[in-house]
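What follows is a set of notes on a single structure, which appears directly below.
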Amino acid sequence: MGFENDAWYKIVNEIFSKADIKINGPRPWDIRVRNRDFFKRILNEGSVGLGESYMDGWWECDNLDELFYRIVKHRVHKLVPGRWSDVFRVLAARLFNLQSKIRARRVCDVHYNLGNDLFAQMLDPHMQYSCGYWDGATTLEEAQKNKLRMICEKLRLEPGMRLLDIGCGWGGLTEYAARHYDVTVLGVSNSSEQVALARGRCTGLNVEILLSDYRDLDPDQRFDRVVSVGMFEHVGPKNYDLFFSIVDRCLAPDGIFLLYTIGSNTTVTKGNDWTEKYIFPGGCIPSVQQIGAASEPYFVMEDWHNFGPDYDVTLMAWHARFSEAWPKLSRSYDERFKRMFEYYLMSCAGAFRARHIQLWQVLFSRGLDGGLSFLRRSC
């Protein structure tokens with residue numbers, strides 16, 4: 001396109017070359033630029049500019065997942081000049097609660113309430129919107145069944161127990177635990193779309209599904225077990241201690257709590273700007289240090305299980321199902337949405353592949369006599 005002599009091009013090309021990414025190169029992970037303003041845009045706007053320019057069709061890449069694997073592995077995203085707006089966002093995250101109840105409802109409006117039709121097409125029959133466990137599995141459905149069974153076994157569920165599922169989503173784990181382990185379950189979500197489907201899924205079981213924020217749970221209720229899957233990423237650093245204090249209040253003296261969350265290798269106070277704008281407003285991935293500090297006053301950590309590489313496989317499976325279902329989904333969603341969603345899935349897959357982020361199951365107890373040996377038999 002004749003932009004090889006532009007100063008903006010030369011800067012961007014030098015940055016990407018550090019990850020063996022070529023502008024208009026022939027390989028699947030190379031970027032093919034369709035608009036010469038692309039270079040200036042990403043240098044001025046960072047991650048938002050990179051994501052929005054893809055959504056606008058300014059550039060193409062055959063294997064986005066491999067592109068982002070290289071970007072993250074070689075820390076190319078750290079080489080793009082920062083902006084004053086980034087400084088203000090970090091400062092705001094430290095000073096203000098960006099995951100208040102009102103803000104928590106916004107992530108539902110932006111993402112989780114997009115439509116059950118979309119997620120039903122992309123996810124497995126249990127509609128698990130979290131990492132599957134691929135040990136011995138060859139399909140997404142098998143991996144998600146493995147995950148559900150592993151969670152229930154780690155919790156040592158027994159008939160008649162009461163289980164609290166914080167952030168129950170579409171009710172897949174709630175239903176599975178009630179149906180296969182004969183427990184009574186209270187599921188909580190602040191997404192109206194999720195709650196509507198979860199209630200239908202759990203009809204006839206000992207299950208109650210509440211449309212509620214976790215901060216509004218009845219302080220007088222007690223549960224033998226508490227689980228939270230894929231929700232802690234929305235809690236935010238300002239609320240980590242509050243979250244664990246609520247779990248502590250809800251959990252019986254001899255209870256077990258399983259926290260299932262994406263994890264960050266380093267401590268941060270805010271998420272990626274593009275992801276914040278388009279996918280998960282207010283989202284922030286916790287670190288080992290943050291989880292440890294917030295949980296220490298309340299619980300003993302019994303087991304910390306990392307299977308982050310499985311999320312790469314899960315995301316690729318979601319993307320395959322999303323792509324296959326697109327002819328049907330295109331009746332409800334436009335092309336820019338498609339590009340946004342595939343960018344989201346593939347950039348996450350690349351980040352997990354580069355081991356930039358992890359997937360943790362953390363098991364807690366109150367450390368009562370015999371607790372450790374009891375729990376070891378389930379892990």
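Residues are named by chain letter and number: chains run A, B, ... in the order of the structure tokens, numbers start at 1 in each chain, and ligands are numbered from 1 in the order shown.
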Inset, instruction - Please identify all polymer residues within 8 Å of Asp254 (chain A), counting only C-alpha atoms, omitting same-chain residues fewer than 5 positions from it, and present them as a list in words. - result: Asp224, Ser365, Arg366 and Leu368 of chain A
Can you list, as an mmCIF file with N, CA, C and O atoms, in the first residue's frame, every protein, DNA or RNA residue that comes within 8 Å of Trp29 (chain A) when you count only C-alpha atoms, leaving out same-chain residues fewer than 5 positions away?
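Contents of the output file part.cif:
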data_model
loop_
_atom_site.group_PDB
_atom_site.id
_atom_site.type_symbol
_atom_site.label_atom_id
_atom_site.label_comp_id
_atom_site.auth_asym_id
_atom_site.auth_seq_id
_atom_site.Cartn_x
_atom_site.Cartn_y
_atom_site.Cartn_z
ATOM 1 N N ILE A 21 6.942 -11.003 14.060
ATOM 2 C CA ILE A 21 5.679 -10.694 13.378
ATOM 3 C C ILE A 21 5.987 -9.680 12.289
ATOM 4 O O ILE A 21 6.587 -8.634 12.559
ATOM 5 N N CYS A 61 -5.603 -11.112 10.179
ATOM 6 C CA CYS A 61 -4.600 -12.113 10.568
ATOM 7 C C CYS A 61 -5.282 -13.472 10.532
ATOM 8 O O CYS A 61 -6.388 -13.628 11.054
ATOM 9 N N ASP A 62 -4.644 -14.440 9.907
ATOM 10 C CA ASP A 62 -5.259 -15.764 9.783
ATOM 11 C C ASP A 62 -5.350 -16.483 11.126
ATOM 12 O O ASP A 62 -6.341 -17.152 11.407
ATOM 13 N N ASN A 63 -4.328 -16.371 11.959
ATOM 14 C CA ASN A 63 -4.293 -17.051 13.264
ATOM 15 C C ASN A 63 -4.100 -16.019 14.372
ATOM 16 O O ASN A 63 -2.980 -15.781 14.831
ATOM 17 N N LEU A 64 -5.208 -15.418 14.802
ATOM 18 C CA LEU A 64 -5.116 -14.413 15.854
ATOM 19 C C LEU A 64 -4.532 -14.975 17.140
ATOM 20 O O LEU A 64 -3.802 -14.288 17.862
ATOM 21 N N GLU A 66 -2.264 -17.269 17.552
ATOM 22 C CA GLU A 66 -0.810 -17.356 17.465
ATOM 23 C C GLU A 66 -0.173 -15.964 17.463
ATOM 24 O O GLU A 66 0.909 -15.761 18.020
ATOM 25 N N LEU A 67 -0.843 -15.013 16.840
ATOM 26 C CA LEU A 67 -0.368 -13.630 16.877
ATOM 27 C C LEU A 67 -0.259 -13.140 18.314
ATOM 28 O O LEU A 67 0.787 -12.592 18.725
#
Inset, instruction - Considering only C-alpha atoms, return as a PyMOL selection string whatever protein or nucleic-acid residues lie within 7 Å of Leu251 (chain A), sequence-local ones (same chain, fewer than 6 positions apart) excluded. - result: chain A and resi 222-226
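In terms of minimum interatomic distance to Gly282 (chain A), A:His234 ranks closest within A:Arg321, A:His234, A:Lys154, A:Arg249, counting only C-alpha atoms.
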Inset, instruction - Figure out the distance between CA of His356 (chain A) and CA of Gly171 (chain A), please, to one decimal in Å. - result: 29.4 Å
Inset, instruction - List every residue of region 101-201 of chain A that DSSP, applied to the backbone, labels as strand (DSSP E), and write the result as a PyMOL selection string. - result: chain A and resi 162-166+184-189
Contacts of region 205-209 of chain A at 6 Å or less, counting only C-alpha atoms, minus same-chain residues fewer than 2 places along, as a PDB file with C-alpha atoms, in the first residue's frame?
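File produced: selection.pdb:
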ATOM      1  CA  THR A 184     -29.604 -28.489  48.176  1.00  0.00           C
ATOM      2  CA  VAL A 185     -28.174 -25.534  46.253  1.00  0.00           C
ATOM      3  CA  LEU A 186     -28.608 -21.766  46.332  1.00  0.00           C
ATOM      4  CA  GLY A 187     -27.267 -20.191  43.147  1.00  0.00           C
ATOM      5  CA  VAL A 188     -26.669 -16.450  42.877  1.00  0.00           C
ATOM      6  CA  CYS A 202     -33.046 -26.620  37.631  1.00  0.00           C
ATOM      7  CA  THR A 203     -36.798 -27.161  37.647  1.00  0.00           C
TER       8      THR A 203
END
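Nearest residue to His305 (chain A), choosing from A:Trp170, A:Tyr343, A:Phe352, A:Tyr133 and counting only C-alpha atoms: A:Tyr133.
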Give me the residues near region 193-195 of chain A as a short mmCIF file (atom, residue, chain, number, x, y, z; two decimals) with N, CA and C atoms, in the first residue's frame, where near means some atom within 7 Å (using only C-alpha atoms) and where sequence neighbours in that chain fewer than 3 positions away do not count.
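File produced: part09.cif:
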data_model
loop_
_atom_site.label_atom_id
_atom_site.label_comp_id
_atom_site.auth_asym_id
_atom_site.auth_seq_id
_atom_site.Cartn_x
_atom_site.Cartn_y
_atom_site.Cartn_z
N ASN A 113 -25.55 -10.50 29.40
CA ASN A 113 -26.92 -10.41 28.89
C ASN A 113 -26.97 -10.22 27.37
N GLY A 115 -27.23 -12.40 25.20
CA GLY A 115 -28.26 -13.29 24.67
C GLY A 115 -27.91 -14.74 24.91
N ASN A 116 -28.84 -15.49 25.47
CA ASN A 116 -28.58 -16.90 25.73
C ASN A 116 -28.38 -17.69 24.45
N GLY A 169 -23.95 -18.41 37.11
CA GLY A 169 -24.08 -18.41 35.66
C GLY A 169 -25.40 -18.98 35.18
N TRP A 170 -25.33 -19.86 34.20
CA TRP A 170 -26.53 -20.48 33.64
C TRP A 170 -26.93 -21.74 34.40
N SER A 189 -26.71 -15.05 40.91
CA SER A 189 -26.15 -14.34 39.76
C SER A 189 -26.85 -13.00 39.64
N ALA A 198 -31.11 -20.55 34.09
CA ALA A 198 -30.74 -21.43 35.20
C ALA A 198 -31.98 -21.95 35.92
N ARG A 199 -32.96 -21.10 36.12
CA ARG A 199 -34.18 -21.54 36.79
C ARG A 199 -34.89 -22.62 36.00
N ILE A 209 -32.54 -20.23 42.66
CA ILE A 209 -31.68 -19.33 41.91
C ILE A 209 -32.12 -17.90 42.20
N LEU A 211 -31.63 -13.75 41.62
CA LEU A 211 -31.08 -12.64 40.87
C LEU A 211 -30.62 -11.62 41.90
#
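Remark: for Phe119 (chain A), the closest of the candidate residues A:Ile23, A:Leu197, A:Ala351, A:Leu210 is A:Leu197 (distances computed over only C-alpha atoms).
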Legend entry - Distance query Trp318 (chain A) at most 12 Å, only C-alpha atoms, self and fewer than 4 positions along chain excluded, as a PyMOL selection string: chain A and resi 118-124+127-132+139-141+144+311-314+322-325+341-342+344-346+348-349
Let's have the selection written as a short mmCIF file (atom, residue, chain, number, x, y, z; two decimals), in the first residue's frame, with N, CA, C and O atoms.
data_model
loop_
_atom_site.label_atom_id
_atom_site.label_comp_id
_atom_site.auth_asym_id
_atom_site.auth_seq_id
_atom_site.Cartn_x
_atom_site.Cartn_y
_atom_site.Cartn_z
N LEU A 118 -26.53 -16.85 21.89
CA LEU A 118 -25.10 -16.81 21.59
C LEU A 118 -24.33 -17.83 22.42
O LEU A 118 -23.57 -18.65 21.88
N PHE A 119 -24.53 -17.80 23.72
CA PHE A 119 -23.75 -18.67 24.60
C PHE A 119 -24.17 -20.13 24.47
O PHE A 119 -23.35 -21.03 24.62
N ALA A 120 -25.43 -20.37 24.19
CA ALA A 120 -25.89 -21.75 23.99
C ALA A 120 -25.21 -22.37 22.77
O ALA A 120 -24.92 -23.58 22.75
N GLN A 121 -24.98 -21.58 21.75
CA GLN A 121 -24.31 -22.08 20.54
C GLN A 121 -22.82 -22.30 20.78
O GLN A 121 -22.23 -23.23 20.23
N MET A 122 -22.20 -21.46 21.60
CA MET A 122 -20.75 -21.50 21.77
C MET A 122 -20.29 -22.49 22.84
O MET A 122 -19.23 -23.11 22.71
N LEU A 123 -21.08 -22.63 23.89
CA LEU A 123 -20.65 -23.43 25.04
C LEU A 123 -21.13 -24.87 24.93
O LEU A 123 -21.84 -25.24 23.99
N ASP A 124 -20.77 -25.67 25.92
CA ASP A 124 -21.18 -27.08 25.99
C ASP A 124 -22.61 -27.17 26.51
O ASP A 124 -23.20 -26.16 26.90
N MET A 127 -23.41 -25.41 29.58
CA MET A 127 -23.17 -23.97 29.45
C MET A 127 -22.18 -23.48 30.49
O MET A 127 -22.43 -22.54 31.25
N GLN A 128 -21.04 -24.13 30.48
CA GLN A 128 -19.94 -23.75 31.38
C GLN A 128 -19.08 -22.68 30.71
O GLN A 128 -18.36 -22.96 29.75
N TYR A 129 -19.13 -21.48 31.25
CA TYR A 129 -18.36 -20.37 30.69
C TYR A 129 -17.09 -20.19 31.51
O TYR A 129 -16.78 -19.10 31.99
N SER A 130 -16.38 -21.28 31.69
CA SER A 130 -15.11 -21.30 32.40
C SER A 130 -14.32 -22.49 31.87
O SER A 130 -14.84 -23.34 31.15
N CYS A 131 -13.05 -22.57 32.28
CA CYS A 131 -12.13 -23.54 31.70
C CYS A 131 -12.55 -24.98 31.96
O CYS A 131 -12.89 -25.34 33.09
N GLY A 132 -12.50 -25.80 30.93
CA GLY A 132 -12.71 -27.23 31.09
C GLY A 132 -11.44 -27.91 31.58
O GLY A 132 -10.35 -27.33 31.52
N THR A 139 -13.33 -33.95 23.86
CA THR A 139 -14.34 -33.00 23.41
C THR A 139 -14.59 -31.96 24.50
O THR A 139 -14.27 -32.19 25.69
N LEU A 140 -15.16 -30.83 24.10
CA LEU A 140 -15.49 -29.79 25.06
C LEU A 140 -16.46 -30.30 26.12
O LEU A 140 -16.29 -30.01 27.32
N GLU A 141 -17.45 -31.07 25.72
CA GLU A 141 -18.43 -31.58 26.68
C GLU A 141 -17.75 -32.48 27.72
O GLU A 141 -18.03 -32.39 28.92
N GLN A 144 -15.71 -30.34 30.19
CA GLN A 144 -16.53 -29.61 31.16
C GLN A 144 -17.16 -30.56 32.18
O GLN A 144 -17.29 -30.20 33.36
N TYR A 311 -7.04 -23.75 29.54
CA TYR A 311 -7.93 -22.67 29.09
C TYR A 311 -7.66 -22.32 27.62
O TYR A 311 -8.56 -21.92 26.89
N ASP A 312 -6.42 -22.47 27.18
CA ASP A 312 -6.10 -22.28 25.77
C ASP A 312 -6.94 -23.24 24.93
O ASP A 312 -7.59 -22.83 23.94
N VAL A 313 -6.97 -24.51 25.31
CA VAL A 313 -7.73 -25.52 24.57
C VAL A 313 -9.23 -25.20 24.63
O VAL A 313 -9.95 -25.33 23.63
N THR A 314 -9.70 -24.79 25.79
CA THR A 314 -11.12 -24.46 25.94
C THR A 314 -11.53 -23.29 25.05
O THR A 314 -12.56 -23.33 24.36
N PHE A 322 -18.25 -21.11 17.95
CA PHE A 322 -18.75 -19.79 17.58
C PHE A 322 -18.70 -19.60 16.07
O PHE A 322 -19.67 -19.13 15.46
N SER A 323 -17.59 -19.97 15.46
CA SER A 323 -17.44 -19.82 14.01
C SER A 323 -18.43 -20.70 13.26
O SER A 323 -19.03 -20.27 12.26
N GLU A 324 -18.61 -21.91 13.74
CA GLU A 324 -19.56 -22.83 13.09
C GLU A 324 -20.99 -22.32 13.19
O GLU A 324 -21.79 -22.48 12.25
N ALA A 325 -21.30 -21.67 14.31
CA ALA A 325 -22.67 -21.19 14.52
C ALA A 325 -22.91 -19.81 13.93
O ALA A 325 -24.05 -19.32 13.95
N PHE A 341 -15.81 -10.44 18.98
CA PHE A 341 -15.87 -11.65 19.79
C PHE A 341 -14.73 -12.60 19.46
O PHE A 341 -14.14 -13.22 20.35
N GLU A 342 -14.38 -12.72 18.18
CA GLU A 342 -13.28 -13.61 17.85
C GLU A 342 -11.95 -13.01 18.32
O GLU A 342 -11.04 -13.76 18.73
N TYR A 344 -11.61 -11.25 21.04
CA TYR A 344 -11.63 -11.55 22.48
C TYR A 344 -11.21 -12.99 22.75
O TYR A 344 -10.31 -13.25 23.57
N LEU A 345 -11.80 -13.94 22.08
CA LEU A 345 -11.50 -15.35 22.33
C LEU A 345 -10.05 -15.69 21.97
O LEU A 345 -9.35 -16.37 22.74
N MET A 346 -9.59 -15.21 20.83
CA MET A 346 -8.26 -15.57 20.37
C MET A 346 -7.15 -14.85 21.14
O MET A 346 -6.07 -15.41 21.37
N CYS A 348 -7.33 -14.04 24.27
CA CYS A 348 -7.25 -14.77 25.55
C CYS A 348 -6.52 -16.10 25.38
O CYS A 348 -5.70 -16.48 26.22
N ALA A 349 -6.81 -16.82 24.30
CA ALA A 349 -6.13 -18.09 24.05
C ALA A 349 -4.62 -17.88 23.95
O ALA A 349 -3.83 -18.64 24.52
#
Inset, instruction - Excluding Arg355 (chain A) and residues on its chain fewer than 4 positions from it, collect all residues at most 10 Å away from it, counting only C-alpha atoms, and give them as a VMD selection string. - result: chain A and resid 69 72 to 73 264 to 265 308 to 309 312 349 to 351 359
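Proximity ranking of A:Gly204, A:Asp30, A:Asn44, A:Ser295 relative to Asp65 (chain A) places A:Asp30 first, based on only C-alpha atoms.
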